Structure formats: structure tokens, C-alpha cells
>>> print(open('work.txt').read())   # compact mmCIF, C-alpha atoms
# COMPACT_ATOMS: atom_id res chain seq x y z
CA MET U 1 -91.39 85.68 -10.70
CA VAL U 2 -88.73 82.96 -10.92
CA VAL U 3 -85.98 85.57 -10.46
CA VAL U 4 -87.76 87.02 -7.41
CA LEU U 5 -88.21 83.59 -5.86
CA LYS U 6 -84.55 82.78 -6.44
CA ARG U 7 -83.56 86.04 -4.76
CA ILE U 8 -85.79 85.32 -1.76
CA LEU U 9 -84.34 81.82 -1.52
CA LEU U 10 -80.81 83.23 -1.63
CA ILE U 11 -81.58 85.66 1.18
CA VAL U 12 -83.13 82.90 3.30
CA LEU U 13 -80.14 80.65 2.68
CA SER U 14 -77.80 83.53 3.45
CA LEU U 15 -79.60 84.08 6.75
CA ILE U 16 -79.21 80.42 7.65
CA ILE U 17 -75.54 80.48 6.70
CA CYS U 18 -75.04 83.75 8.55
CA ILE U 19 -76.63 82.48 11.77
CA THR U 20 -74.81 79.15 11.61
CA SER U 21 -71.49 80.73 10.76
CA CYS U 22 -71.90 83.41 13.42
CA PHE U 23 -72.44 80.70 16.02
CA PHE U 24 -69.28 78.96 14.87
CA PHE U 25 -67.25 82.14 14.85
CA LEU U 26 -68.54 83.08 18.29
CA SER U 27 -67.77 79.73 19.86
CA GLU U 28 -64.37 79.30 18.25
CA SER U 29 -62.91 82.79 18.18
CA SER U 30 -65.19 85.04 20.27
CA LYS U 31 -64.52 87.81 17.78
CA LEU U 32 -68.10 88.73 17.05
CA SER U 33 -70.16 90.48 19.71
CA SER U 34 -72.41 88.10 21.63
CA ASN U 35 -75.22 90.63 21.86
CA ASN U 36 -75.29 91.34 18.09
CA GLU U 37 -74.26 94.96 18.64
CA CYS U 38 -71.60 94.53 15.95
CA TYR U 39 -74.38 94.26 13.39
CA ILE U 40 -76.03 97.55 14.30
CA SER U 41 -73.92 100.26 12.75
CA LYS U 42 -74.19 103.86 11.68
CA ASN U 43 -71.86 103.09 8.78
CA THR U 44 -72.79 102.14 5.24
CA VAL U 45 -70.51 99.63 3.57
CA VAL U 46 -69.93 100.54 -0.06
CA ILE U 47 -68.97 97.40 -1.99
CA ASP U 48 -66.96 97.94 -5.15
CA ALA U 49 -66.83 94.91 -7.44
CA GLY U 50 -63.73 95.84 -9.42
CA HIS U 51 -63.85 96.24 -13.21
CA GLY U 52 -66.95 95.27 -15.24
CA GLY U 53 -68.28 95.60 -18.77
CA ILE U 54 -65.53 95.59 -21.40
CA ASP U 55 -62.99 95.99 -18.58
CA ALA U 56 -62.58 92.35 -17.57
CA GLY U 57 -59.64 92.90 -15.25
CA THR U 58 -57.06 90.15 -15.13
CA SER U 59 -57.59 86.64 -16.51
CA GLY U 60 -57.20 83.25 -14.90
CA VAL U 61 -55.01 80.45 -16.19
CA ASP U 62 -58.16 78.93 -17.69
CA GLY U 63 -59.38 82.16 -19.28
CA SER U 64 -61.78 83.06 -16.45
CA LYS U 65 -62.42 86.77 -15.91
CA GLU U 66 -61.66 88.74 -12.79
CA LYS U 67 -64.74 90.94 -13.14
CA ASP U 68 -67.03 87.91 -12.76
CA ILE U 69 -65.39 86.61 -9.58
CA ASN U 70 -65.33 90.11 -8.09
CA LEU U 71 -69.05 90.50 -8.66
CA CYS U 72 -69.95 87.11 -7.19
CA ILE U 73 -68.03 87.79 -3.96
CA ALA U 74 -69.40 91.34 -3.78
CA LYS U 75 -73.01 90.19 -4.12
CA SER U 76 -72.55 87.50 -1.47
CA LEU U 77 -71.01 90.07 0.87
CA TYR U 78 -73.91 92.44 0.21
CA ASP U 79 -76.47 89.75 1.11
CA PHE U 80 -74.62 88.80 4.31
CA LEU U 81 -74.30 92.42 5.40
CA MET U 82 -77.96 93.22 4.76
CA VAL U 83 -79.18 90.09 6.52
CA CYS U 84 -77.01 91.02 9.51
CA GLY U 85 -78.43 94.53 9.68
CA ILE U 86 -75.47 96.49 8.29
CA ASN U 87 -76.35 99.09 5.68
CA SER U 88 -74.61 98.33 2.41
CA VAL U 89 -74.71 99.29 -1.24
CA LEU U 90 -73.15 97.84 -4.40
CA ILE U 91 -71.43 100.20 -6.82
CA ARG U 92 -72.31 97.72 -9.56
CA ASN U 93 -74.63 94.73 -9.35
CA ASN U 94 -74.22 93.51 -12.92
CA ASP U 95 -71.64 93.34 -15.70
CA THR U 96 -71.23 97.07 -16.32
CA GLU U 97 -68.77 99.88 -15.83
CA PHE U 98 -69.60 102.99 -13.87
CA TYR U 99 -69.67 105.83 -16.36
CA LYS U 100 -72.11 107.78 -18.47
CA GLN U 101 -72.38 107.48 -22.22
CA GLY U 102 -70.11 109.99 -23.93
CA GLU U 103 -67.65 110.24 -21.05
CA GLU U 104 -64.06 109.03 -21.25
CA ARG U 105 -64.46 105.41 -20.25
CA ILE U 106 -61.60 104.48 -17.92
CA LYS U 107 -61.08 107.91 -16.36
CA SER U 108 -64.80 108.43 -15.87
CA ASP U 109 -65.31 105.00 -14.32
CA LEU U 110 -62.69 105.64 -11.63
CA TYR U 111 -63.85 109.19 -10.96
CA ASN U 112 -67.50 108.17 -10.73
CA ARG U 113 -66.74 105.34 -8.32
CA LEU U 114 -64.75 107.68 -6.10
CA ASP U 115 -67.46 110.35 -6.22
CA PHE U 116 -70.06 107.76 -5.29
CA VAL U 117 -68.04 106.52 -2.30
CA ASN U 118 -67.40 110.02 -1.01
CA SER U 119 -71.08 110.93 -1.41
CA VAL U 120 -72.30 108.22 0.97
CA GLU U 121 -72.63 109.35 4.57
CA ASN U 122 -70.42 107.42 7.01
CA ALA U 123 -69.19 105.20 4.19
CA VAL U 124 -66.70 102.35 4.49
CA LEU U 125 -65.28 101.17 1.17
CA ILE U 126 -64.62 97.51 0.45
CA SER U 127 -63.19 97.07 -3.04
CA ILE U 128 -63.03 93.49 -4.33
CA HIS U 129 -60.27 92.49 -6.76
CA GLN U 130 -58.13 89.54 -7.79
CA ASN U 131 -54.36 89.32 -8.24
CA HIS U 132 -52.08 88.04 -11.00
CA PHE U 133 -48.36 87.40 -11.19
CA GLU U 134 -45.97 85.84 -13.67
CA ASN U 135 -44.81 83.36 -11.02
CA GLU U 136 -47.71 80.92 -10.91
CA SER U 137 -46.75 79.66 -7.45
CA GLU U 138 -47.76 82.95 -5.81
CA TRP U 139 -51.03 82.74 -3.89
CA GLY U 140 -52.96 84.21 -0.99
CA THR U 141 -55.02 87.21 -0.03
CA GLN U 142 -53.41 90.61 0.38
CA ILE U 143 -55.10 93.90 1.22
CA TRP U 144 -54.19 97.46 0.29
CA TYR U 145 -55.48 100.23 2.53
CA SER U 146 -55.89 103.98 2.26
CA ALA U 147 -53.40 106.18 4.09
CA ASN U 148 -56.04 108.85 4.61
CA THR U 149 -57.65 107.35 7.72
CA LYS U 150 -56.23 105.21 10.52
CA GLU U 151 -59.39 103.10 10.39
CA SER U 152 -58.40 101.84 6.94
CA LYS U 153 -55.37 99.91 8.21
CA GLU U 154 -57.32 98.59 11.18
CA LEU U 155 -60.06 97.33 8.88
CA ALA U 156 -57.55 95.75 6.49
CA ASP U 157 -55.79 93.96 9.35
CA SER U 158 -59.09 92.73 10.77
CA VAL U 159 -60.25 91.28 7.45
CA LEU U 160 -56.92 89.63 6.62
CA SER U 161 -56.68 88.16 10.12
CA THR U 162 -60.09 86.51 9.70
CA VAL U 163 -59.22 85.20 6.23
CA LYS U 164 -56.00 83.69 7.54
CA GLU U 165 -57.65 82.14 10.56
CA PHE U 166 -60.51 80.43 8.77
CA ILE U 167 -59.67 79.79 5.12
CA GLN U 168 -55.96 80.55 4.54
CA PRO U 169 -54.02 79.46 7.64
CA GLU U 170 -50.73 79.22 5.71
CA ASN U 171 -50.98 82.72 4.23
CA SER U 172 -47.99 84.80 5.40
CA ARG U 173 -48.73 87.96 3.40
CA GLU U 174 -48.96 91.38 5.02
CA ASN U 175 -51.18 94.31 4.12
CA LYS U 176 -49.74 97.37 2.40
CA GLU U 177 -50.49 101.07 2.38
CA SER U 178 -51.68 102.26 -1.01
CA ASP U 179 -49.89 104.81 -3.13
CA SER U 180 -51.13 106.98 -6.00
CA SER U 181 -51.36 103.96 -8.33
CA TYR U 182 -54.46 102.88 -6.39
CA TYR U 183 -56.51 105.92 -7.31
CA ILE U 184 -59.66 105.29 -5.27
CA LEU U 185 -57.75 104.41 -2.10
CA TYR U 186 -55.37 107.31 -2.61
CA LYS U 187 -58.19 109.84 -2.96
CA ALA U 188 -60.92 108.37 -0.75
CA SER U 189 -61.89 110.44 2.27
CA VAL U 190 -63.44 107.49 4.11
CA PRO U 191 -62.03 104.23 5.55
CA SER U 192 -61.13 102.26 2.43
CA ILE U 193 -59.52 98.91 1.58
CA MET U 194 -58.92 96.97 -1.61
CA ILE U 195 -58.94 93.21 -1.13
CA GLU U 196 -56.86 91.18 -3.59
CA CYS U 197 -58.68 87.95 -2.76
CA GLY U 198 -56.27 85.62 -4.53
CA PHE U 199 -54.07 84.97 -7.54
CA MET U 200 -55.86 83.94 -10.71
CA SER U 201 -52.44 83.04 -12.13
CA ASN U 202 -52.25 80.18 -9.61
CA TYR U 203 -54.14 77.15 -10.89
CA GLU U 204 -55.39 75.86 -7.54
CA GLU U 205 -56.35 79.25 -6.15
CA ASN U 206 -58.03 80.27 -9.39
CA LYS U 207 -60.14 77.11 -9.19
CA LYS U 208 -61.15 77.94 -5.61
CA LEU U 209 -62.04 81.52 -6.49
CA GLN U 210 -64.58 80.26 -9.03
CA SER U 211 -66.28 78.01 -6.46
CA THR U 212 -69.55 79.37 -5.07
CA ASN U 213 -68.83 77.81 -1.68
CA TYR U 214 -65.39 79.43 -1.49
CA GLN U 215 -66.82 82.77 -2.63
CA ASN U 216 -69.40 82.59 0.17
CA ASP U 217 -66.73 81.60 2.70
CA PHE U 218 -64.59 84.52 1.61
CA ALA U 219 -67.49 86.94 1.76
CA PHE U 220 -68.29 85.81 5.28
CA CYS U 221 -64.68 86.33 6.36
CA ILE U 222 -64.93 89.91 5.08
CA LEU U 223 -68.18 90.31 7.01
CA SER U 224 -66.53 89.08 10.19
CA GLY U 225 -63.60 91.45 9.71
CA ILE U 226 -65.99 94.34 9.20
CA CYS U 227 -68.00 93.44 12.31
CA ASN U 228 -64.88 93.70 14.43
CA GLN U 229 -64.31 97.29 13.33
CA ILE U 230 -67.53 99.19 12.64
>>> encode(input="work.txt", output="C-alpha cells")
Amino acid sequence: MVVVLKRILLIVLSLIICITSCFFFLSESSKLSSNNECYISKNTVVIDAGHGGIDAGTSGVDGSKEKDINLCIAKSLYDFLMVCGINSVLIRNNDTEFYKQGEERIKSDLYNRLDFVNSVENAVLISIHQNHFENESEWGTQIWYSANTKESKELADSVLSTVKEFIQPENSRENKESDSSYYILYKASVPSIMIECGFMSNYEENKKLQSTNYQNDFAFCILSGICNQI
């Protein structure tokens, strides 16, 4: 019962944040449709919280785990999308990988995620990840997009533009087309982007990425970018 009540409270709070933030975005940038048509979509947003289970992803300078941050942002994005009337689904909603017992772990996880994305009608893939680099001064969001559909680049540009405008005004990074090293993007048959939200190797950015408020802000920027495209 406590868990259910907490979930209801989160949804209510998300609705309040969504309405308040939408009003702000409308008045300041006029990027979201004034008649709410941007929220009524035939598409289903598939949210991929990268890594999970024994695959922790990269690590922060304080030992924090990428998989945990990915999941927090993904779940916030899911709540915002659902409250705003956009169909969405999480590939994982807890600390697990996406493969069946007895299957080859890493290979199966990637294949199963791709199969899931391609099985969803009118899917749009948003994959959430974090970055890491030996130079600890590197920071800022960057997005990789699939070369298989023109909508992928448009979506990536829309999301990064919103992130830069509202939470990273000094970010000068540009989005990049994926190659075969980004398996899901390379093979996906639907509009697909992978968001490297920030660098966990940068002390200040890593601290932000672990903040619930920043995670919610980031999730809402993704929502706004999606609304401009679908």
C-alpha cells in the first residue's frame, strides 16, 4: 500500500511539474503546441535505461554507477510522457538486464532490446546513457542518432537544443551519427537516439547527475524535445 501511495504521489507531483513547466516553456520559448496537440501522438516512446544488473556501465569519480542514473532519468521521463498523454514503455524498470536465463548475457541483452524496440508499432527509441572520459574536464550532453531514418537526427537535434537552452547554455557539443559500434542505433528500424546525458568522470557534472531535481529537469528537457518532433 505504501508503495502504491508513493507511486500515486509521484504521478500527481509529475503532473504538477509538467503543467507548471509546460507553461514556462510555452511562455519563454513557444516551442510546445499551445493546444496540447503535441501530446497526442500515434507514436510509442520506448525508453531504454542503459545497462542494468551486473552490467553497471561506467562509474563516477565517487564510485556511483551509470545504470542507476540511467534508470532514474528513464523513469522520470516515462512518468512525464504518460502524464502528458504520450504512449511510452520502459525496456527495464528495475535493476536487471534484458535476457533470458541460459542465453549469452551481453549478446542476448542487446539483441533482446533491439527486438523489443522493433516489435513496437510506431516506436521511437530514447536510450539513456552516461559518458566517461580520461580528461575529467570534459562535460556536457551529446546525442548519437541512427542513420536509418531522417527523423532520428531531427529528434536528436530537438532534444539537444532544449537541453542547451534550459539547463546547459554553455554546452557547445554537436550530435553525431552512430556507426556499427552502437549496435541498437545501427540496427534499429525506427527513429532512434542515444542520449549521453553527461560525463560521470567530471566531478561537478557527476554530482548533478545524481540529483533528483537535475534528473527531473533533464527528463523534462527530453520530453520537450520529443514534443517538438512526434
>>> residues_around(input="work.txt", residues="region 186-193 of chain U", least_positions_apart="6", cutoff="9 Å", atoms="all atoms listed in the file", output="ChimeraX atom specification")
/U:114-115,117-118,122-128,143-153,155-156,178-180
>>> axis_aligned_box(input="work.txt", around="region 216-226 of chain U", padding_each_side="6 Å", output="AutoDock Vina command-line options")
--center_x -66.5 --center_y 88.0 --center_z 5.2 --size_x 17.8 --size_y 24.7 --size_z 22.0
>>> residues_around(input="work.txt", residues="Leu160 (chain U)", least_positions_apart="5", cutoff="10 Å", atoms="only C-alpha atoms", output="ChimeraX atom specification")
/U:141-143,155,165,168,171,173-175,195,197,221-222,225
>>> closest_residue(input="work.txt", among="U:Cys227, U:Ala56, U:Ile91, U:Ile73", to="Leu110 (chain U)", atoms="all atoms listed in the file")
U:Ile91
>>> atom_distance(input="work.txt", atom1="CA of Leu81 (chain U)", atom2="CA of Glu121 (chain U)")
17.0 Å
>>> atom_distance(input="work.txt", atom1="CA of Ile230 (chain U)", atom2="CA of Val159 (chain U)")
11.9 Å
>>> closest_residue(input="work.txt", among="U:Phe116, U:Phe218, U:Tyr78, U:Trp139", to="Asn206 (chain U)", atoms="all atoms listed in the file")
U:Trp139
>>> atom_distance(input="work.txt", atom1="CA of Glu138 (chain U)", atom2="CA of Ser201 (chain U)")
7.9 Å
>>> closest_residue(input="work.txt", among="U:Asn216, U:Thr162, U:Ser181, U:Gln210", to="Gly198 (chain U)", atoms="all atoms listed in the file")
U:Gln210
>>> closest_residue(input="work.txt", among="U:Ile167, U:Leu71, U:Val89, U:Val45", to="Phe220 (chain U)", atoms="only C-alpha atoms")
U:Ile167
>>> closest_residue(input="work.txt", among="U:Ile69, U:Ala74, U:Met200, U:His132", to="Asp48 (chain U)", atoms="only C-alpha atoms")
U:Ala74
>>> closest_residue(input="work.txt", among="U:Leu209, U:Gly85, U:Asn93, U:Leu77", to="Leu223 (chain U)", atoms="all atoms listed in the file")
U:Leu77
>>> decode(input="work.txt", residues="region 167-226 of chain U", atoms="C-alpha atoms", output="PDB file, in the first residue's frame")
ATOM      1  CA  ILE U 167      19.998  23.516 -18.398  1.00  0.00           C
ATOM      2  CA  GLN U 168      23.310  23.610 -20.313  1.00  0.00           C
ATOM      3  CA  PRO U 169      23.585  27.013 -22.030  1.00  0.00           C
ATOM      4  CA  GLU U 170      27.390  26.740 -22.337  1.00  0.00           C
ATOM      5  CA  ASN U 171      27.336  23.305 -23.964  1.00  0.00           C
ATOM      6  CA  SER U 172      28.937  23.522 -27.428  1.00  0.00           C
ATOM      7  CA  ARG U 173      28.785  19.826 -28.327  1.00  0.00           C
ATOM      8  CA  GLU U 174      27.203  18.575 -31.532  1.00  0.00           C
ATOM      9  CA  ASN U 175      25.278  15.383 -32.176  1.00  0.00           C
ATOM     10  CA  LYS U 176      26.851  12.531 -34.127  1.00  0.00           C
ATOM     11  CA  GLU U 177      25.598   9.829 -36.448  1.00  0.00           C
ATOM     12  CA  SER U 178      26.089   6.370 -34.990  1.00  0.00           C
ATOM     13  CA  ASP U 179      28.245   3.682 -36.522  1.00  0.00           C
ATOM     14  CA  SER U 180      28.271  -0.084 -36.015  1.00  0.00           C
ATOM     15  CA  SER U 181      29.750   0.278 -32.513  1.00  0.00           C
ATOM     16  CA  TYR U 182      26.322   1.494 -31.352  1.00  0.00           C
ATOM     17  CA  TYR U 183      24.532  -1.745 -32.141  1.00  0.00           C
ATOM     18  CA  ILE U 184      20.941  -0.780 -31.330  1.00  0.00           C
ATOM     19  CA  LEU U 185      21.120   2.519 -33.221  1.00  0.00           C
ATOM     20  CA  TYR U 186      22.911   0.870 -36.121  1.00  0.00           C
ATOM     21  CA  LYS U 187      20.267  -1.849 -36.485  1.00  0.00           C
ATOM     22  CA  ALA U 188      17.091  -0.084 -35.356  1.00  0.00           C
ATOM     23  CA  SER U 189      14.408   0.338 -37.997  1.00  0.00           C
ATOM     24  CA  VAL U 190      12.662   3.168 -36.131  1.00  0.00           C
ATOM     25  CA  PRO U 191      13.684   6.731 -35.176  1.00  0.00           C
ATOM     26  CA  SER U 192      16.344   6.160 -32.525  1.00  0.00           C
ATOM     27  CA  ILE U 193      18.692   8.259 -30.392  1.00  0.00           C
ATOM     28  CA  MET U 194      21.131   7.541 -27.590  1.00  0.00           C
ATOM     29  CA  ILE U 195      21.499  10.390 -25.116  1.00  0.00           C
ATOM     30  CA  GLU U 196      24.837  10.625 -23.304  1.00  0.00           C
ATOM     31  CA  CYS U 197      23.421  12.877 -20.593  1.00  0.00           C
ATOM     32  CA  GLY U 198      26.742  13.877 -19.065  1.00  0.00           C
ATOM     33  CA  PHE U 199      30.229  12.850 -18.011  1.00  0.00           C
ATOM     34  CA  MET U 200      30.463  10.869 -14.797  1.00  0.00           C
ATOM     35  CA  SER U 201      34.232  11.432 -14.949  1.00  0.00           C
ATOM     36  CA  ASN U 202      33.610  15.138 -14.291  1.00  0.00           C
ATOM     37  CA  TYR U 203      33.151  15.785 -10.582  1.00  0.00           C
ATOM     38  CA  GLU U 204      30.634  18.610 -10.846  1.00  0.00           C
ATOM     39  CA  GLU U 205      28.549  17.028 -13.586  1.00  0.00           C
ATOM     40  CA  ASN U 206      28.574  13.653 -11.859  1.00  0.00           C
ATOM     41  CA  LYS U 207      27.211  15.341  -8.738  1.00  0.00           C
ATOM     42  CA  LYS U 208      24.424  16.970 -10.757  1.00  0.00           C
ATOM     43  CA  LEU U 209      23.513  13.716 -12.470  1.00  0.00           C
ATOM     44  CA  GLN U 210      22.839  12.123  -9.083  1.00  0.00           C
ATOM     45  CA  SER U 211      20.487  14.936  -8.037  1.00  0.00           C
ATOM     46  CA  THR U 212      16.780  14.084  -8.270  1.00  0.00           C
ATOM     47  CA  ASN U 213      15.959  17.667  -9.258  1.00  0.00           C
ATOM     48  CA  TYR U 214      18.507  17.641 -12.078  1.00  0.00           C
ATOM     49  CA  GLN U 215      17.309  14.226 -13.245  1.00  0.00           C
ATOM     50  CA  ASN U 216      13.749  15.564 -13.421  1.00  0.00           C
ATOM     51  CA  ASP U 217      14.907  18.701 -15.241  1.00  0.00           C
ATOM     52  CA  PHE U 218      16.786  16.576 -17.736  1.00  0.00           C
ATOM     53  CA  ALA U 219      13.840  14.254 -18.251  1.00  0.00           C
ATOM     54  CA  PHE U 220      11.588  17.219 -18.929  1.00  0.00           C
ATOM     55  CA  CYS U 221      14.026  18.595 -21.495  1.00  0.00           C
ATOM     56  CA  ILE U 222      13.858  15.244 -23.288  1.00  0.00           C
ATOM     57  CA  LEU U 223      10.062  15.413 -23.121  1.00  0.00           C
ATOM     58  CA  SER U 224      10.081  18.879 -24.659  1.00  0.00           C
ATOM     59  CA  GLY U 225      12.408  17.759 -27.433  1.00  0.00           C
ATOM     60  CA  ILE U 226      10.148  14.807 -28.174  1.00  0.00           C
TER      61      ILE U 226
END
